[in-house]
Amino acid sequence: MKAQKNLVYLAGMVALAILLCFIAYFFAGREKISEEKTYKIARERMVAQQIEARGIEDKRVLEAMRNIPRHKFVSPELEFCAYEDRPLPIECGQTISQPYIVALMTELLELNKEDKVLEVGTGSGYQAAVLSKIVSKVYTIEIFEELGTSAKKRLKDLGYTNVEVKVEDGYYGWPEEAPFDAIIVTCASDHIPPPLIEQLKDGGRMCIPVGNVFQVQNLMLVKKKGNKISVKNILPVRFVPMLGEH
Amino acid sequence: MVISVALLGFGVSGTFISIFQRKLKAHFYSFFTLFSLLFSFSLYICFFLSQKIPFDPFLIVWYKSQYFYLLAYYLVLFIPFFLGASSIGLSFLKFPEGINKVYFYNLLGSGGGALGIILIMYFLSLQEVLFFIIILSFFSVILSSFNLSLKSSIIMGFISGICALFFLLYPPEPRISPYKGLSITLKLPEAKIIKEESSPLSLIDVVEAPSIRCAPGLSLAYKGKIPPQIAIFLDADSLTPITNFQNDISNLRYLDYRTCALPYHLLNEPHVLIIGAGGGSEVLSALYHQAPYIEAIEVNPQIVKLVKEEYGDFSNHIYSLPEVHVRVAEGRGFIESTSGNFDLIQITLLDSFAASSAGVYALSESYLYTIEAFESYIKHLTEEGILCITRWVKTPPRDGIKLFATAVEALENLKIENIPSHLIFIRSWATSTLLIKRSPFTPSQVHTAKEFAKKRLFDLIWCPSLNPEEVNKYNALPKAFYYEASQKILFGDRDSFYQNHLFTVEPATDNSPYFFRFFKWKSLPYLLNTMGREWIPFVEWGYIILVFTLIQAIIISIFLIIFPLFFLKKRRIFAPHKLSIFLYFLFLGIGYMFIEISFIQKFTLFLFYPTYAVAVVMAAFLFFSGWGSYFAQKMKIGRLDKVTLASIMIIVISIAYLIYLDDIFLHFIQFSDGIKILFSLLLIAPLAFFMGIPFPSGLKEVSKTISPLVPWAWGINGCASVISTVLATILAISLGFNLVIFIALILYFLASLNFHLFGS
């Protein structure tokens with residue numbers, strides 16, 4: 001009798017445990033859903049307040065940035081501020097650019113669906129992910145092995161199949177796949193590597209941020225037409241030199 | 001900031017001793033030993049902790065937590081100064097009759113330490129220097145423990161020995177920001193440090209990596225390679241490369257595709273002076289352009305040694321070539337002392353772009369880019385000679401504009417006519433180069449310059465007979481900002497242009513040598529307005545840190561020095577001139593530090609190395625002020641007369657220095673460092689001697705008449721000193737050092753008036 005009682009008691013406990021597990025699973029799932037929802041809202045807000053408000057109009061850029069989970073491109077401890085209006089540190093003294101800079105650089109390249117783009121400086125892979133939503137093929141080179149390997153895995157896991165990642169010195173570009181319709185250089189250098197200019201298609205565009213990793217001062221937009229190369233400096237939006245003018 | 005932290009330690013220790021004086025005095029030897037021991041520990045622990053604080057100036061505009069880290073730095077570094085000062089203060093308390101002697105030895109040690117550390121740093125690394133100081137402090141622990149029981153002495157000796165061994169085996173690692181050039185380069189594939197050296201001038205790292213390629217502002221029209229390079233990093237950031245051109249001059253063609261190559265196209269086989277030779281890029285450029293005589297000036301002897309000896313094979317022994325004459329000297333010092341004239345004076349890019357664009361150098365004095373410096377360079381040009389200065393192009397434009405304004409004002413001061421015809425100014429996407437010719441540029445030279453720029457996709461900012469259609473073509477800015485600025489400086493209302501510009505673009509002078517400071521208080525509302533709305537905040541972090549340091553110095557010093565004095569035994573003090581006493585010590589505190597800080601800056605022009613200037617001036621002030629206070633007690637005149645005499649002498653000597661110091665410097669500038677250091681000590685001696693008199697005389701007067709106010713006098717003086725150290729720099733940036741000294745003299749005068757009110 002006593003053994004039977006114990007058995008019932010044990011079965012009851014097991015049933016309770018299973019029930020609790022189900023409840024936990026249910027709420028954990030909901031938690032996950034709600035976390036994703038929160039990030040989606042954060043992305044919408046990011047695009048509206050930081051990007052559209054500053055004059056980015058390219059719908060494909062806005063759409064890409066609305067859909068790409070930027071928080072998955074930063075370390076877990078920085079996930080909470082992934083959608084804030086600032087650059088974030090990643091490994092190797094590098095950064096993931098401020099969302100607005102990513103959007104502006106992408107817009108400046110005036111990309112078409114069938115374009116082939118080279119990115120020098122993969123970083124966490126966020127810029128490549130944005131490009132991949134707009135063009136047919138993205139080639140990205142990262143010199144830091146630590147960054148390149150993790151970006152490759154991240155992009156693959158997140159399903160960005162049209163991105164090729166290579167760990168190598170980006171100075172020499174990707175001659176096997178050249179020429180490119182557009183090149184985006186996201187790593188700082190005191191000069192623009194001559195091989196990159198050579199790998200730009202006739203009519204191609206190249207965008208380079210100038211400044212240290214935390215203070216992009218301006219963007220250089222290099223255009224190649226025949227043998228002619230021109231550079232346009234894109235300055236902070238409302239810069240006026242004289243105090244009386246604003 | 002460091003001087004301010006040290007003074008805070010002394011100020012707080014004064015307050016602490018005042019509050020607990022009875023207990024401390026009763027167990028003097030125990031407390032003295034304890035404080036010495038804690039001081040020794042704190043040197044290690046606080047250095048260790050300070051290296052754990054993730055303060056990073058690059059992040060300050062983005063992360064508010066950085067302000068707390070800065071505060072944490074201030075507080076952590078304050079602890080050793082507090083403990084050390086407490087030991088000294090305790091000795092004053094214990095031996096009031098021998099206070100002069102104790103004070104004198106203290107200042108003798110402080111002065112010796114200030115100079116000695118420079119010497120030691122030539123032989124020991126940073127960590128070894130720290131260990132050396134810790135060992136010294138352990139000696140003081142053991143010495144003081146001799147006054148305790150034998151058992152205590154043995155225990156102290158044992159603890160000191162064990163800890164010293166531990167500190168030696170586990171030295172704290174200095175933290176280098178992960179965003180500094182060295183940290184980033186070391187992460188590159190196959191990158192490694194192949195040589196590390198330290199000295200009082202800088203920490204040097206030589207790094208080898210296949211991906212090192214340095215060619216600042218290289219033209220987009222250049223198609224070719226850059227020869228192998230190794231990088232020399234100064235203080236983990238500024239990079240200067242050593243280039244291996246394999247003894248084939250054609251490998252250096254890339255050097256002709258930089259803005260600073262222009263003067264070589266305008267001159268034929270020039271005799272060149274290069275200021276800032278570094279790893280030798282500009283020397284190579286001169287060699288590539290067939291200069292028959294090259295005088296290369298480099299401030300850092302270690303770099304010269306590396307290029308010449310250790311990496312002589314890699315550099316193809318460029319510093320040993322017969323046409324290259326390398327001298328270890330500071331650029332401005334060399335130009336002031338040389339009698340030679342040159343066809344070309346090249347001033348190279350000396351700072352890193354990353355640090356420069358972030359405003360890292362905003363508070364650094366530079367005597368290379370002042371109006372007076374430009375005048376000296378121009379005077380050392382041959383009749384057809386050219387001065388060539390290159391700077392980074394920053395956005396919004398500011399460096400280049402200031403450079404141009406400096407050149408124009410220097411030419412005006414030299415009474416040169418038709419100034420526009422003496423200037424050519426070009427820019428690439430990254431660098432701008434200004435050419436100043438002693439005689440006007442010829443039409444053929446102007447034509448060559450235009451062709452040079454066109455071929456390399458460089459933009460003309462200014463040259464004689466320039467068409468507005470010719471500007472802003474290749475590296476197009478939204479507007480021709482540079483051209484417009486040059487027009488306003490040359491032909492417009494220059495003063496109103498300076499006044500209305502968003503940044504400080506008026507030239508720097510020797511009196512306010514802050515070329516890199518562009519911040520303007522007037523622009524603050526606009527700059528704050530841009531934060532968050534624009535993509536970068538324009539505020540320079542160097543300036544933010546200075547202002548924040550002042551605010552925290554005020555709050556902390558009031559909180560830690562003045563506030564605790566309210567806990568002194570409550571007793572109403574009836575004194576008729578409490579306000580006078582307060583003002584006397586306040587004015588002395590501010591006046592003393594204003595003069596000391598200004599002299600540090602003034603002597604930088606003479607001694608060239610800021611590290612030397614800080615050490616020598618501090619040592620001189622400490623040592624001779626000590627003598628002043630010592631002799632003040634021996635003088636057989638009334639205290640009132642002593643203070644009056646001292647104040648008059650301080651004012652007279654300071655005014656004499658304000659008028660004649662620059663001329664005195666000029667006469668002695670060509671002497672060796674050793675003689676100049678000795679001479680500096682002698683120059684400061686009389687002023688420091690008299691500056692040492694008012695404080696102890698005032699203190700003695702207060703202790704005689706209203707002794708409960710003594711701790712307050714200490715506290716107010718300490719608090720004023722902490723604040724004025726930072727305030728002096730802030731004022732000097734806007735007003736110049738001469739005015740700061742003048743303010744100090746007014747304060748000394750007012751202090752002496754106040755002394756007449758409360759002195760007997």
# chains A, B, ... in the order shown; residues from 1 in each chain; ligands from 1
call {"tool": "select_by_dssp", "arguments": {"residues": "region 12-109 of chain A", "states": "strand (DSSP E or B)", "output": "PyMOL selection string"}}
result
chain A and resi 88-89+95-96
call {"tool": "write_last_selection", "arguments": {"atoms": "N, CA and C atoms", "output": "tab-separated table (two decimals), in the first residue's frame"}}
result
chain	number	residue	atom	x	y	z
A	88	LEU	N	30.01	50.62	-33.03
A	88	LEU	CA	30.23	49.73	-31.89
A	88	LEU	C	31.55	48.98	-32.08
A	89	PRO	N	32.26	48.77	-30.97
A	89	PRO	CA	33.53	48.06	-31.11
A	89	PRO	C	33.31	46.57	-31.38
A	95	THR	N	35.55	48.40	-35.78
A	95	THR	CA	34.20	48.77	-35.38
A	95	THR	C	33.19	48.30	-36.41
A	96	ILE	N	31.95	48.22	-35.97
A	96	ILE	CA	30.85	48.09	-36.89
A	96	ILE	C	30.31	49.52	-37.01
call {"tool": "closest_residue", "arguments": {"among": "B:Lys225, B:Arg22, B:Lys305, B:His756", "to": "chain A", "atoms": "only C-alpha atoms"}}
result
B:Lys225
call {"tool": "atom_distance", "arguments": {"atom1": "CA of Pro210 (chain B)", "atom2": "CA of Val165 (chain A)"}}
result
20.8 Å
call {"tool": "atom_distance", "arguments": {"atom1": "CA of Glu168 (chain A)", "atom2": "CA of Phe144 (chain A)"}}
result
7.8 Å
call {"tool": "residues_around", "arguments": {"residues": "region 414-424 of chain B", "least_positions_apart": "6", "cutoff": "10 Å", "atoms": "only C-alpha atoms", "output": "PyMOL selection string"}}
result
chain B and resi 262-263+375-376+378-379+386-388+404+407-408+433-443+445-446+449-450+460-466+486-487+490-491
call {"tool": "residues_around", "arguments": {"residues": "Leu111 (chain A)", "least_positions_apart": "6", "cutoff": "10 Å", "atoms": "only C-alpha atoms", "output": "VMD selection string"}}
result
chain A and resid 58 60 to 61 117 131 134 to 135 181 to 182 204 to 205
call {"tool": "write_last_selection", "arguments": {"atoms": "C-alpha atoms", "output": "tab-separated table (two decimals), in the first residue's frame"}}
result
chain	number	residue	atom	x	y	z
A	58	ASP	CA	17.04	54.54	-51.56
A	60	ARG	CA	16.35	49.04	-51.21
A	61	VAL	CA	18.84	50.32	-48.65
A	117	VAL	CA	30.57	44.47	-55.35
A	131	LEU	CA	24.94	44.78	-49.80
A	134	ILE	CA	20.70	44.72	-52.98
A	135	VAL	CA	23.17	43.22	-55.47
A	181	ASP	CA	30.87	47.60	-60.39
A	182	ALA	CA	31.47	49.04	-56.97
A	204	GLY	CA	32.44	52.07	-61.38
A	205	ARG	CA	32.20	53.72	-57.99
call {"tool": "select_by_dssp", "arguments": {"residues": "region 246-488 of chain B", "states": "alpha helix (DSSP H)", "output": "ChimeraX atom specification"}}
result
/B:262-266,281-288,301-305,331-337,353-357,371-379,399-413,443-456,481-488
call {"tool": "closest_residue", "arguments": {"among": "A:Leu219, A:Gln50, A:Leu104, A:Ile183", "to": "Lys232 (chain A)", "atoms": "only C-alpha atoms"}}
result
A:Leu219
call {"tool": "residues_around", "arguments": {"residues": "Thr186 (chain A)", "least_positions_apart": "4", "cutoff": "12 Å", "atoms": "only C-alpha atoms", "output": "PyMOL selection string"}}
result
chain A and resi 94-98+101-102+105-106+118-128+140-143+170-171+192+206-213+216+219-220
call {"tool": "residues_around", "arguments": {"residues": "Tyr83 (chain A)", "least_positions_apart": "6", "cutoff": "10 Å", "atoms": "only C-alpha atoms", "output": "PyMOL selection string"}}
result
chain A and resi 39-47+50+69-71+98-99
call {"tool": "residues_around", "arguments": {"residues": "region 710-713 of chain B", "least_positions_apart": "3", "cutoff": "8 Å", "atoms": "only C-alpha atoms", "output": "list of chain:residue names"}}
result
B:Gly14, B:Thr15, B:Ser18, B:Ile562, B:Leu565, B:Ile581, B:Phe582, B:Phe585, B:Leu699, B:Val702, B:Ser703, B:Ile706, B:Ser707, B:Ile716, B:Asn717
call {"tool": "closest_residue", "arguments": {"among": "B:Thr185, B:Ser199, B:Ser211, B:Ser734", "to": "Ser238 (chain B)", "atoms": "only C-alpha atoms"}}
result
B:Thr185
call {"tool": "atom_distance", "arguments": {"atom1": "CA of Leu344 (chain B)", "atom2": "CA of Leu273 (chain B)"}}
result
6.2 Å
call {"tool": "closest_residue", "arguments": {"among": "B:Leu59, B:Leu107, B:Leu747, B:Val726", "to": "chain A", "atoms": "only C-alpha atoms"}}
result
B:Leu59
call {"tool": "decode", "arguments": {"residues": "region 107-236 of chain A", "atoms": "C-alpha atoms", "output": "PDB file, in the first residue's frame"}}
result
ATOM      1  CA  GLU A 107      23.324  54.553 -51.186  1.00  0.00           C
ATOM      2  CA  LEU A 108      26.302  56.461 -52.598  1.00  0.00           C
ATOM      3  CA  LEU A 109      27.363  53.412 -54.592  1.00  0.00           C
ATOM      4  CA  GLU A 110      24.132  53.682 -56.662  1.00  0.00           C
ATOM      5  CA  LEU A 111      23.898  49.908 -56.891  1.00  0.00           C
ATOM      6  CA  ASN A 112      21.938  47.833 -59.385  1.00  0.00           C
ATOM      7  CA  LYS A 113      20.506  44.386 -58.822  1.00  0.00           C
ATOM      8  CA  GLU A 114      22.977  42.664 -61.130  1.00  0.00           C
ATOM      9  CA  ASP A 115      26.066  44.440 -59.727  1.00  0.00           C
ATOM     10  CA  LYS A 116      29.151  42.711 -58.400  1.00  0.00           C
ATOM     11  CA  VAL A 117      30.574  44.465 -55.352  1.00  0.00           C
ATOM     12  CA  LEU A 118      33.892  44.152 -53.567  1.00  0.00           C
ATOM     13  CA  GLU A 119      34.144  45.037 -49.906  1.00  0.00           C
ATOM     14  CA  VAL A 120      37.573  45.503 -48.288  1.00  0.00           C
ATOM     15  CA  GLY A 121      37.338  45.051 -44.532  1.00  0.00           C
ATOM     16  CA  THR A 122      34.564  42.578 -43.736  1.00  0.00           C
ATOM     17  CA  GLY A 123      34.553  43.287 -40.008  1.00  0.00           C
ATOM     18  CA  SER A 124      31.553  41.560 -38.509  1.00  0.00           C
ATOM     19  CA  GLY A 125      29.919  41.156 -41.924  1.00  0.00           C
ATOM     20  CA  TYR A 126      27.053  43.617 -41.433  1.00  0.00           C
ATOM     21  CA  GLN A 127      27.890  45.831 -44.401  1.00  0.00           C
ATOM     22  CA  ALA A 128      28.264  42.743 -46.621  1.00  0.00           C
ATOM     23  CA  ALA A 129      24.847  41.533 -45.441  1.00  0.00           C
ATOM     24  CA  VAL A 130      23.277  44.872 -46.368  1.00  0.00           C
ATOM     25  CA  LEU A 131      24.939  44.784 -49.797  1.00  0.00           C
ATOM     26  CA  SER A 132      23.865  41.197 -50.362  1.00  0.00           C
ATOM     27  CA  LYS A 133      20.203  42.204 -50.175  1.00  0.00           C
ATOM     28  CA  ILE A 134      20.699  44.724 -52.981  1.00  0.00           C
ATOM     29  CA  VAL A 135      23.169  43.223 -55.468  1.00  0.00           C
ATOM     30  CA  SER A 136      23.719  39.839 -57.058  1.00  0.00           C
ATOM     31  CA  LYS A 137      27.152  39.057 -55.643  1.00  0.00           C
ATOM     32  CA  VAL A 138      29.302  40.417 -52.827  1.00  0.00           C
ATOM     33  CA  TYR A 139      32.991  39.621 -52.440  1.00  0.00           C
ATOM     34  CA  THR A 140      34.423  40.623 -49.111  1.00  0.00           C
ATOM     35  CA  ILE A 141      38.008  40.442 -47.846  1.00  0.00           C
ATOM     36  CA  GLU A 142      39.135  40.616 -44.252  1.00  0.00           C
ATOM     37  CA  ILE A 143      42.767  40.793 -43.195  1.00  0.00           C
ATOM     38  CA  PHE A 144      42.189  39.781 -39.560  1.00  0.00           C
ATOM     39  CA  GLU A 145      41.690  36.040 -39.479  1.00  0.00           C
ATOM     40  CA  GLU A 146      39.695  36.177 -36.249  1.00  0.00           C
ATOM     41  CA  LEU A 147      37.181  38.549 -37.829  1.00  0.00           C
ATOM     42  CA  GLY A 148      37.108  36.929 -41.255  1.00  0.00           C
ATOM     43  CA  THR A 149      36.437  33.431 -39.960  1.00  0.00           C
ATOM     44  CA  SER A 150      33.644  34.476 -37.621  1.00  0.00           C
ATOM     45  CA  ALA A 151      32.044  36.732 -40.264  1.00  0.00           C
ATOM     46  CA  LYS A 152      32.093  33.886 -42.787  1.00  0.00           C
ATOM     47  CA  LYS A 153      30.330  31.573 -40.348  1.00  0.00           C
ATOM     48  CA  ARG A 154      27.861  34.253 -39.277  1.00  0.00           C
ATOM     49  CA  LEU A 155      26.887  35.148 -42.839  1.00  0.00           C
ATOM     50  CA  LYS A 156      26.477  31.487 -43.714  1.00  0.00           C
ATOM     51  CA  ASP A 157      24.387  30.756 -40.609  1.00  0.00           C
ATOM     52  CA  LEU A 158      22.142  33.717 -41.338  1.00  0.00           C
ATOM     53  CA  GLY A 159      21.622  32.565 -44.917  1.00  0.00           C
ATOM     54  CA  TYR A 160      23.426  35.218 -46.938  1.00  0.00           C
ATOM     55  CA  THR A 161      24.370  32.882 -49.756  1.00  0.00           C
ATOM     56  CA  ASN A 162      25.545  35.451 -52.279  1.00  0.00           C
ATOM     57  CA  VAL A 163      28.462  36.611 -50.135  1.00  0.00           C
ATOM     58  CA  GLU A 164      31.985  35.247 -50.556  1.00  0.00           C
ATOM     59  CA  VAL A 165      34.378  35.872 -47.679  1.00  0.00           C
ATOM     60  CA  LYS A 166      38.143  35.592 -48.004  1.00  0.00           C
ATOM     61  CA  VAL A 167      40.761  36.085 -45.293  1.00  0.00           C
ATOM     62  CA  GLU A 168      43.581  37.940 -46.989  1.00  0.00           C
ATOM     63  CA  ASP A 169      45.286  41.286 -47.322  1.00  0.00           C
ATOM     64  CA  GLY A 170      42.651  43.428 -49.066  1.00  0.00           C
ATOM     65  CA  TYR A 171      45.305  45.793 -50.415  1.00  0.00           C
ATOM     66  CA  TYR A 172      45.529  43.754 -53.612  1.00  0.00           C
ATOM     67  CA  GLY A 173      41.770  43.434 -54.029  1.00  0.00           C
ATOM     68  CA  TRP A 174      40.306  40.256 -55.550  1.00  0.00           C
ATOM     69  CA  PRO A 175      41.922  40.141 -59.024  1.00  0.00           C
ATOM     70  CA  GLU A 176      40.309  36.780 -59.950  1.00  0.00           C
ATOM     71  CA  GLU A 177      36.837  38.300 -59.719  1.00  0.00           C
ATOM     72  CA  ALA A 178      37.705  41.801 -60.972  1.00  0.00           C
ATOM     73  CA  PRO A 179      36.483  44.152 -62.362  1.00  0.00           C
ATOM     74  CA  PHE A 180      33.806  45.265 -59.929  1.00  0.00           C
ATOM     75  CA  ASP A 181      30.871  47.598 -60.392  1.00  0.00           C
ATOM     76  CA  ALA A 182      31.469  49.036 -56.969  1.00  0.00           C
ATOM     77  CA  ILE A 183      34.067  48.797 -54.225  1.00  0.00           C
ATOM     78  CA  ILE A 184      33.537  49.699 -50.627  1.00  0.00           C
ATOM     79  CA  VAL A 185      36.573  50.104 -48.400  1.00  0.00           C
ATOM     80  CA  THR A 186      35.655  50.057 -44.747  1.00  0.00           C
ATOM     81  CA  CYS A 187      39.103  49.857 -43.174  1.00  0.00           C
ATOM     82  CA  ALA A 188      41.261  52.896 -42.505  1.00  0.00           C
ATOM     83  CA  SER A 189      44.395  53.457 -44.535  1.00  0.00           C
ATOM     84  CA  ASP A 190      46.621  56.450 -45.163  1.00  0.00           C
ATOM     85  CA  HIS A 191      46.326  55.891 -48.897  1.00  0.00           C
ATOM     86  CA  ILE A 192      43.964  54.256 -51.361  1.00  0.00           C
ATOM     87  CA  PRO A 193      45.536  51.047 -52.664  1.00  0.00           C
ATOM     88  CA  PRO A 194      46.312  51.492 -56.389  1.00  0.00           C
ATOM     89  CA  PRO A 195      45.228  47.881 -57.203  1.00  0.00           C
ATOM     90  CA  LEU A 196      41.701  48.682 -56.029  1.00  0.00           C
ATOM     91  CA  ILE A 197      41.360  51.564 -58.461  1.00  0.00           C
ATOM     92  CA  GLU A 198      42.552  49.268 -61.223  1.00  0.00           C
ATOM     93  CA  GLN A 199      39.919  46.650 -60.316  1.00  0.00           C
ATOM     94  CA  LEU A 200      37.099  49.150 -60.629  1.00  0.00           C
ATOM     95  CA  LYS A 201      35.002  48.798 -63.798  1.00  0.00           C
ATOM     96  CA  ASP A 202      34.745  51.675 -66.218  1.00  0.00           C
ATOM     97  CA  GLY A 203      31.919  53.711 -64.760  1.00  0.00           C
ATOM     98  CA  GLY A 204      32.441  52.071 -61.379  1.00  0.00           C
ATOM     99  CA  ARG A 205      32.198  53.723 -57.994  1.00  0.00           C
ATOM    100  CA  MET A 206      34.237  53.329 -54.837  1.00  0.00           C
ATOM    101  CA  CYS A 207      33.312  54.587 -51.378  1.00  0.00           C
ATOM    102  CA  ILE A 208      35.834  55.109 -48.597  1.00  0.00           C
ATOM    103  CA  PRO A 209      35.258  56.554 -45.131  1.00  0.00           C
ATOM    104  CA  VAL A 210      38.017  58.911 -43.981  1.00  0.00           C
ATOM    105  CA  GLY A 211      38.926  59.256 -40.317  1.00  0.00           C
ATOM    106  CA  ASN A 212      39.614  57.021 -37.356  1.00  0.00           C
ATOM    107  CA  VAL A 213      37.334  54.094 -36.608  1.00  0.00           C
ATOM    108  CA  PHE A 214      35.163  56.080 -34.223  1.00  0.00           C
ATOM    109  CA  GLN A 215      35.044  59.376 -36.052  1.00  0.00           C
ATOM    110  CA  VAL A 216      34.331  59.052 -39.730  1.00  0.00           C
ATOM    111  CA  GLN A 217      34.905  62.595 -40.913  1.00  0.00           C
ATOM    112  CA  ASN A 218      33.793  62.344 -44.490  1.00  0.00           C
ATOM    113  CA  LEU A 219      33.153  59.818 -47.195  1.00  0.00           C
ATOM    114  CA  MET A 220      35.166  59.786 -50.366  1.00  0.00           C
ATOM    115  CA  LEU A 221      33.262  58.769 -53.424  1.00  0.00           C
ATOM    116  CA  VAL A 222      35.682  57.828 -56.195  1.00  0.00           C
ATOM    117  CA  LYS A 223      34.292  57.568 -59.735  1.00  0.00           C
ATOM    118  CA  LYS A 224      36.155  56.037 -62.650  1.00  0.00           C
ATOM    119  CA  LYS A 225      35.267  56.987 -66.194  1.00  0.00           C
ATOM    120  CA  GLY A 226      37.721  55.815 -68.828  1.00  0.00           C
ATOM    121  CA  ASN A 227      41.072  57.038 -67.611  1.00  0.00           C
ATOM    122  CA  LYS A 228      39.512  59.793 -65.563  1.00  0.00           C
ATOM    123  CA  ILE A 229      39.213  59.481 -61.823  1.00  0.00           C
ATOM    124  CA  SER A 230      37.271  61.973 -59.769  1.00  0.00           C
ATOM    125  CA  VAL A 231      36.681  62.190 -56.049  1.00  0.00           C
ATOM    126  CA  LYS A 232      33.728  63.721 -54.316  1.00  0.00           C
ATOM    127  CA  ASN A 233      33.908  64.415 -50.599  1.00  0.00           C
ATOM    128  CA  ILE A 234      30.634  63.826 -48.817  1.00  0.00           C
ATOM    129  CA  LEU A 235      30.670  65.931 -45.680  1.00  0.00           C
ATOM    130  CA  PRO A 236      28.606  65.818 -42.516  1.00  0.00           C
TER     131      PRO A 236
END
